[in-house]
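Reproduced below: data16.cif, with mmCIF, C-alpha atoms and all ligand atoms.
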```cif
data_coords
loop_
_atom_site.label_atom_id
_atom_site.label_comp_id
_atom_site.auth_asym_id
_atom_site.auth_seq_id
_atom_site.Cartn_x
_atom_site.Cartn_y
_atom_site.Cartn_z
CA MET A 2 -26.58 28.89 -14.63
CA ASN A 3 -28.09 26.69 -17.31
CA TYR A 4 -27.98 22.94 -17.42
CA GLU A 5 -24.90 22.73 -19.67
CA GLU A 6 -22.95 25.12 -17.50
CA LEU A 7 -23.88 23.08 -14.45
CA LEU A 8 -22.66 19.92 -16.13
CA GLU A 9 -19.41 21.52 -17.13
CA LYS A 10 -18.87 22.84 -13.62
CA ALA A 11 -19.60 19.45 -12.10
CA TYR A 12 -17.15 17.78 -14.46
CA SER A 13 -14.39 20.31 -13.89
CA GLU A 14 -14.70 19.73 -10.17
CA LEU A 15 -14.20 15.99 -10.46
CA PRO A 16 -10.86 15.00 -9.01
CA ASP A 17 -8.31 14.00 -11.66
CA VAL A 18 -8.14 10.56 -10.13
CA VAL A 19 -11.67 9.74 -11.24
CA LYS A 20 -11.13 11.13 -14.73
CA GLU A 21 -8.08 9.25 -15.80
CA HIS A 22 -6.46 7.10 -13.17
CA HIS A 23 -6.73 3.41 -13.83
CA ARG A 24 -4.75 1.17 -11.60
CA PHE A 25 -2.65 -1.66 -12.92
CA GLU A 26 -4.33 -4.93 -12.04
CA LYS A 27 -2.09 -7.95 -12.08
CA PRO A 28 -3.43 -10.38 -14.65
CA GLU A 29 -4.40 -13.79 -13.33
CA ILE A 30 -3.03 -17.02 -14.73
CA TYR A 31 -5.54 -19.73 -15.60
CA SER A 32 -4.20 -23.24 -15.69
CA ILE A 33 -5.30 -26.84 -15.37
CA ILE A 34 -3.50 -30.09 -14.79
CA GLN A 35 -4.11 -32.63 -17.54
CA GLY A 36 -2.61 -36.02 -16.80
CA LYS A 37 1.13 -35.50 -16.38
CA ALA A 38 1.11 -32.05 -17.95
CA THR A 39 -0.06 -28.58 -16.96
CA VAL A 40 -1.79 -26.27 -19.42
CA VAL A 41 -1.66 -22.50 -18.98
CA GLN A 42 -4.81 -21.49 -20.82
CA ASN A 43 -4.31 -17.76 -21.10
CA LEU A 44 -0.62 -17.26 -21.93
CA GLY A 45 -1.64 -15.07 -24.87
CA GLU A 46 -3.98 -12.84 -22.89
CA VAL A 47 -1.68 -12.24 -19.95
CA SER A 48 1.23 -11.52 -22.30
CA LYS A 49 -0.88 -8.98 -24.14
CA ALA A 50 -2.00 -7.38 -20.88
CA ILE A 51 1.62 -6.81 -19.85
CA ASN A 52 2.83 -5.96 -23.36
CA ARG A 53 5.38 -8.75 -23.59
CA ASP A 54 6.04 -11.49 -26.11
CA PRO A 55 4.28 -14.74 -25.10
CA ASP A 56 7.43 -16.60 -26.10
CA MET A 57 9.46 -14.68 -23.52
CA LEU A 58 6.97 -15.44 -20.74
CA ALA A 59 6.71 -19.10 -21.80
CA LYS A 60 10.50 -19.54 -21.73
CA PHE A 61 10.70 -17.84 -18.34
CA LEU A 62 8.06 -20.13 -16.80
CA LEU A 63 9.60 -23.28 -18.26
CA LYS A 64 12.99 -22.28 -16.89
CA GLU A 65 11.59 -21.42 -13.47
CA PHE A 66 9.93 -24.83 -13.20
CA GLY A 67 12.92 -26.61 -14.70
CA THR A 68 10.80 -28.36 -17.27
CA SER A 69 10.13 -28.44 -20.99
CA GLY A 70 7.02 -27.63 -22.97
CA THR A 71 5.47 -26.00 -25.99
CA HIS A 72 3.17 -23.09 -26.71
CA ASP A 73 1.14 -21.81 -29.63
CA GLY A 74 1.03 -18.18 -28.52
CA GLN A 75 -2.12 -18.74 -26.48
CA HIS A 76 -1.76 -22.03 -24.57
CA LEU A 77 1.39 -23.21 -22.85
CA VAL A 78 1.74 -26.92 -22.19
CA MET A 79 4.33 -27.76 -19.54
CA LYS A 80 5.54 -31.22 -18.63
CA GLY A 81 4.75 -31.94 -14.99
CA GLN A 82 2.00 -31.04 -12.59
CA PHE A 83 2.02 -27.50 -11.26
CA ARG A 84 -0.64 -25.74 -9.21
CA LYS A 85 -2.17 -22.52 -10.45
CA GLU A 86 -0.85 -20.67 -7.35
CA GLN A 87 2.71 -21.80 -8.10
CA ILE A 88 2.45 -20.53 -11.65
CA GLN A 89 0.89 -17.24 -10.53
CA GLU A 90 3.75 -16.75 -8.09
CA ARG A 91 6.40 -17.26 -10.78
CA PHE A 92 4.42 -15.04 -13.15
CA GLU A 93 4.52 -12.25 -10.55
CA ALA A 94 8.28 -12.74 -10.27
CA PHE A 95 8.39 -12.18 -14.04
CA LEU A 96 6.35 -8.98 -13.61
CA ASN A 97 8.74 -7.67 -10.98
CA GLU A 98 11.79 -8.44 -13.02
CA TYR A 99 10.76 -7.71 -16.59
CA VAL A 100 7.70 -5.48 -16.51
CA LEU A 101 7.10 -3.26 -13.49
CA CYS A 102 9.24 -0.14 -13.11
CA GLY A 103 11.43 -0.35 -10.01
CA GLU A 104 11.03 3.40 -9.45
CA CYS A 105 7.35 4.12 -9.93
CA GLY A 106 5.87 0.62 -10.07
CA ARG A 107 3.99 1.28 -13.33
CA PRO A 108 3.86 -1.36 -16.06
CA ASP A 109 4.44 1.12 -18.92
CA THR A 110 7.91 -0.15 -19.70
CA LYS A 111 9.88 -1.38 -22.66
CA ILE A 112 12.90 -3.60 -22.87
CA ALA A 113 15.73 -1.86 -24.66
CA ARG A 114 19.14 -3.15 -25.60
CA GLU A 115 22.42 -1.31 -25.50
CA GLY A 116 25.29 -3.42 -26.67
CA ARG A 117 25.18 -6.57 -24.59
CA VAL A 118 23.12 -5.13 -21.77
CA SER A 119 19.31 -5.07 -21.66
CA PHE A 120 17.46 -2.33 -19.84
CA LEU A 121 13.95 -1.86 -18.57
CA LYS A 122 12.92 1.63 -19.71
CA CYS A 123 9.93 3.23 -18.05
CA GLU A 124 7.76 5.42 -20.25
CA ALA A 125 5.84 6.78 -17.27
CA CYS A 126 8.72 8.18 -15.20
CA GLY A 127 11.77 7.80 -17.45
CA ALA A 128 13.65 5.46 -15.11
CA ARG A 129 16.11 3.03 -16.64
CA GLN A 130 17.45 -0.07 -14.96
CA PRO A 131 19.62 -2.95 -16.10
CA LEU A 132 17.57 -6.12 -16.40
CA GLY A 133 18.00 -8.91 -13.92
CA VAL A 134 20.66 -7.05 -11.98
CA LEU A 135 19.06 -4.39 -9.86
CA LYS A 136 16.51 -6.34 -7.89
CA THR A 137 18.44 -9.53 -7.33
CA THR A 138 21.87 -8.29 -6.22
CA PRO A 139 22.35 -9.51 -2.66
CA LYS A 140 24.14 -7.22 -0.22
CA ARG A 141 26.75 -9.75 0.67
CA GLU A 142 29.55 -7.72 2.18
CA GLU A 143 27.40 -6.24 4.93
CA ASN A 144 26.13 -9.55 6.26
CA LYS A 145 29.31 -11.51 5.76
CA ASN A 146 30.27 -13.69 8.70
CA PRO A 147 33.80 -13.22 10.02
CA GLU A 148 36.23 -15.86 8.77
CA VAL A 149 39.72 -16.98 9.65
CA GLY A 150 42.16 -14.69 7.87
CA ASP A 151 39.92 -11.58 7.92
CA GLU A 152 41.42 -8.32 9.13
CA ILE A 153 39.45 -6.40 11.72
CA THR A 154 39.94 -3.13 13.57
CA ILE A 155 38.69 -3.06 17.15
CA GLU A 156 39.11 -1.36 20.49
CA ILE A 157 40.03 -3.56 23.43
CA THR A 158 37.59 -2.93 26.26
CA ARG A 159 38.36 -5.73 28.71
CA THR A 160 41.03 -8.18 29.71
CA GLY A 161 40.28 -11.91 29.60
CA LYS A 162 41.20 -14.42 32.32
CA LYS A 163 44.32 -15.48 30.46
CA GLY A 164 45.43 -11.91 29.90
CA ASP A 165 44.15 -11.60 26.37
CA GLY A 166 42.52 -8.40 25.21
CA MET A 167 38.74 -8.65 24.77
CA ALA A 168 36.35 -6.69 22.62
CA ARG A 169 32.84 -6.85 21.26
CA MET A 170 32.19 -6.76 17.54
CA GLY A 171 28.59 -6.99 16.40
CA GLY A 172 27.26 -10.14 18.04
CA TYR A 173 30.75 -11.55 18.60
CA ILE A 174 33.20 -11.55 21.48
CA VAL A 175 36.77 -11.27 20.27
CA PHE A 176 39.82 -12.45 22.18
CA VAL A 177 42.93 -10.75 20.90
CA SER A 178 46.18 -12.25 22.04
CA GLY A 179 48.87 -9.73 22.81
CA ALA A 180 46.50 -6.77 23.03
CA LYS A 181 45.91 -4.65 26.11
CA ILE A 182 42.89 -2.81 27.40
CA GLY A 183 42.50 0.67 25.88
CA GLN A 184 44.37 -0.23 22.71
CA LYS A 185 42.86 0.17 19.29
CA VAL A 186 44.28 -2.61 17.15
CA LYS A 187 44.27 -4.02 13.70
CA ALA A 188 44.07 -7.79 14.11
CA ARG A 189 43.74 -10.92 12.05
CA ILE A 190 41.14 -13.56 12.91
CA THR A 191 42.80 -16.87 13.74
CA GLY A 192 39.81 -18.86 14.93
CA VAL A 193 36.01 -18.84 14.94
CA GLN A 194 33.94 -20.80 17.49
CA GLY A 195 30.26 -19.96 17.35
CA SER A 196 30.02 -16.35 18.46
CA THR A 197 33.57 -16.25 19.78
CA LEU A 198 36.45 -15.03 17.65
CA PHE A 199 40.15 -15.39 18.28
CA ALA A 200 42.55 -12.93 16.75
CA SER A 201 46.16 -11.84 16.90
CA VAL A 202 47.43 -8.29 16.72
CA ILE A 203 48.88 -7.03 13.46
CA GLU A 204 49.33 -3.46 14.53
CA VAL A 205 48.49 -1.22 17.46
CA LEU A 206 46.86 1.93 16.16
CA ASN A 207 46.99 4.21 19.19
ZN ZN B 301 8.70 4.38 -13.76
#
```

Output the file's structure as structure tokens, nothing else.
Amino acid sequence: MNYEELLEKAYSELPDVVKEHHRFEKPEIYSIIQGKATVVQNLGEVSKAINRDPDMLAKFLLKEFGTSGTHDGQHLVMKGQFRKEQIQERFEAFLNEYVLCGECGRPDTKIAREGRVSFLKCEACGARQPLGVLKTTPKREENKNPEVGDEITIEITRTGKKGDGMARMGGYIVFVSGAKIGQKVKARITGVQGSTLFASVIEVLN
């Protein structure tokens, strides 16, 4: 084997990772406090690194800090004193919402519009997600606390001292007036006291 063949062999045996993988490094915000204002010194550079319009990032930061300011495409001057770490944190929120793909985590995305809805389109994996909706939707129904008026379906497992039916539901103890042990009932909540619920039977199901 001659030298060139050796070289070629060595190169072909390099793992792909070394040849072309370059990890996305989150750009770092540089800022200083000047009197009663804060200057982000590299708005232009970080915007370029994430392929977004500096105006979009500037507006996002101003809104997040609830302040006003101006920018010239490179520097952003914000009214008020903000620490570099605070700005970096909000900048990373911007990355998560408007830049990084929710599926593959790559930054190779574009913002596309369809009618009135904006999407984040990933050029690396093809994923498409509505902007500002996907990552911030709270799962409310699942963690909802029981309230007076709610309908519940439970099985009565015990009898209380006053003859009410008793049951457990999640972290709650439910007293159901008019229900008997062994019954499966649909009931309406009539009172909430800490982790104790009071309910009355609507319908016996068994
Ligand atoms: Zn992707």

Inset, instruction - For Thr71 of chain A, work out the shell of residues within 12 Å, counting only C-alpha atoms and skipping chain neighbours fewer than 4 positions away, then give it as a PyMOL selection string. - result: chain A and resi 38-41+44+55-56+58-60+62-63+75-80

Go ahead and save the picked residues with C-alpha atoms, as a tab-separated table (two decimals), in the coordinates of the input.
```tsv
chain	number	residue	atom	x	y	z
A	38	ALA	CA	1.11	-32.05	-17.95
A	39	THR	CA	-0.06	-28.58	-16.96
A	40	VAL	CA	-1.79	-26.27	-19.42
A	41	VAL	CA	-1.66	-22.50	-18.98
A	44	LEU	CA	-0.62	-17.26	-21.93
A	55	PRO	CA	4.28	-14.74	-25.10
A	56	ASP	CA	7.43	-16.60	-26.10
A	58	LEU	CA	6.97	-15.44	-20.74
A	59	ALA	CA	6.71	-19.10	-21.80
A	60	LYS	CA	10.50	-19.54	-21.73
A	62	LEU	CA	8.06	-20.13	-16.80
A	63	LEU	CA	9.60	-23.28	-18.26
A	75	GLN	CA	-2.12	-18.74	-26.48
A	76	HIS	CA	-1.76	-22.03	-24.57
A	77	LEU	CA	1.39	-23.21	-22.85
A	78	VAL	CA	1.74	-26.92	-22.19
A	79	MET	CA	4.33	-27.76	-19.54
A	80	LYS	CA	5.54	-31.22	-18.63
```

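One distance worth recording is that between atom CA of Ile157 of chain A and atom CA of Gly183 of chain A, which is 5.5 Å.
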
Produce a table with one row for each residue of chain A that has an atom at most 9 Å from any atom of ligand ZN 301 (chain B), each row naming the nearest atom pair and its distance in Å at one decimal; use all atoms listed in the file; arrange rows by chain and rising residue number; format as JSON lines.
```
{"residue": "A:Leu101", "atom": "CA", "partner": "B:ZN301", "partner_atom": "ZN", "distance": 7.8}
{"residue": "A:Cys102", "atom": "CA", "partner": "B:ZN301", "partner_atom": "ZN", "distance": 4.6}
{"residue": "A:Gly103", "atom": "CA", "partner": "B:ZN301", "partner_atom": "ZN", "distance": 6.6}
{"residue": "A:Glu104", "atom": "CA", "partner": "B:ZN301", "partner_atom": "ZN", "distance": 5.0}
{"residue": "A:Cys105", "atom": "CA", "partner": "B:ZN301", "partner_atom": "ZN", "distance": 4.1}
{"residue": "A:Gly106", "atom": "CA", "partner": "B:ZN301", "partner_atom": "ZN", "distance": 6.0}
{"residue": "A:Arg107", "atom": "CA", "partner": "B:ZN301", "partner_atom": "ZN", "distance": 5.7}
{"residue": "A:Pro108", "atom": "CA", "partner": "B:ZN301", "partner_atom": "ZN", "distance": 7.9}
{"residue": "A:Asp109", "atom": "CA", "partner": "B:ZN301", "partner_atom": "ZN", "distance": 7.4}
{"residue": "A:Thr110", "atom": "CA", "partner": "B:ZN301", "partner_atom": "ZN", "distance": 7.5}
{"residue": "A:Lys122", "atom": "CA", "partner": "B:ZN301", "partner_atom": "ZN", "distance": 7.8}
{"residue": "A:Cys123", "atom": "CA", "partner": "B:ZN301", "partner_atom": "ZN", "distance": 4.6}
{"residue": "A:Glu124", "atom": "CA", "partner": "B:ZN301", "partner_atom": "ZN", "distance": 6.6}
{"residue": "A:Ala125", "atom": "CA", "partner": "B:ZN301", "partner_atom": "ZN", "distance": 5.1}
{"residue": "A:Cys126", "atom": "CA", "partner": "B:ZN301", "partner_atom": "ZN", "distance": 4.1}
{"residue": "A:Gly127", "atom": "CA", "partner": "B:ZN301", "partner_atom": "ZN", "distance": 5.9}
{"residue": "A:Ala128", "atom": "CA", "partner": "B:ZN301", "partner_atom": "ZN", "distance": 5.2}
{"residue": "A:Arg129", "atom": "CA", "partner": "B:ZN301", "partner_atom": "ZN", "distance": 8.1}
```

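Across the structure, atom CA of Glu86 of chain A and atom CA of Leu121 of chain A are spaced 26.4 Å apart.
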
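Closest approach to Lys49 of chain A from the set A:Pro28, A:Phe61, A:Phe83, A:Glu6 is made by A:Pro28, with distances taken over all atoms listed in the file.
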
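For the residues A:Asn52, A:Ser13, A:Leu7, A:Gln87, ranking by smallest atom-to-atom distance to Ile33 of chain A using only C-alpha atoms places A:Gln87 first.
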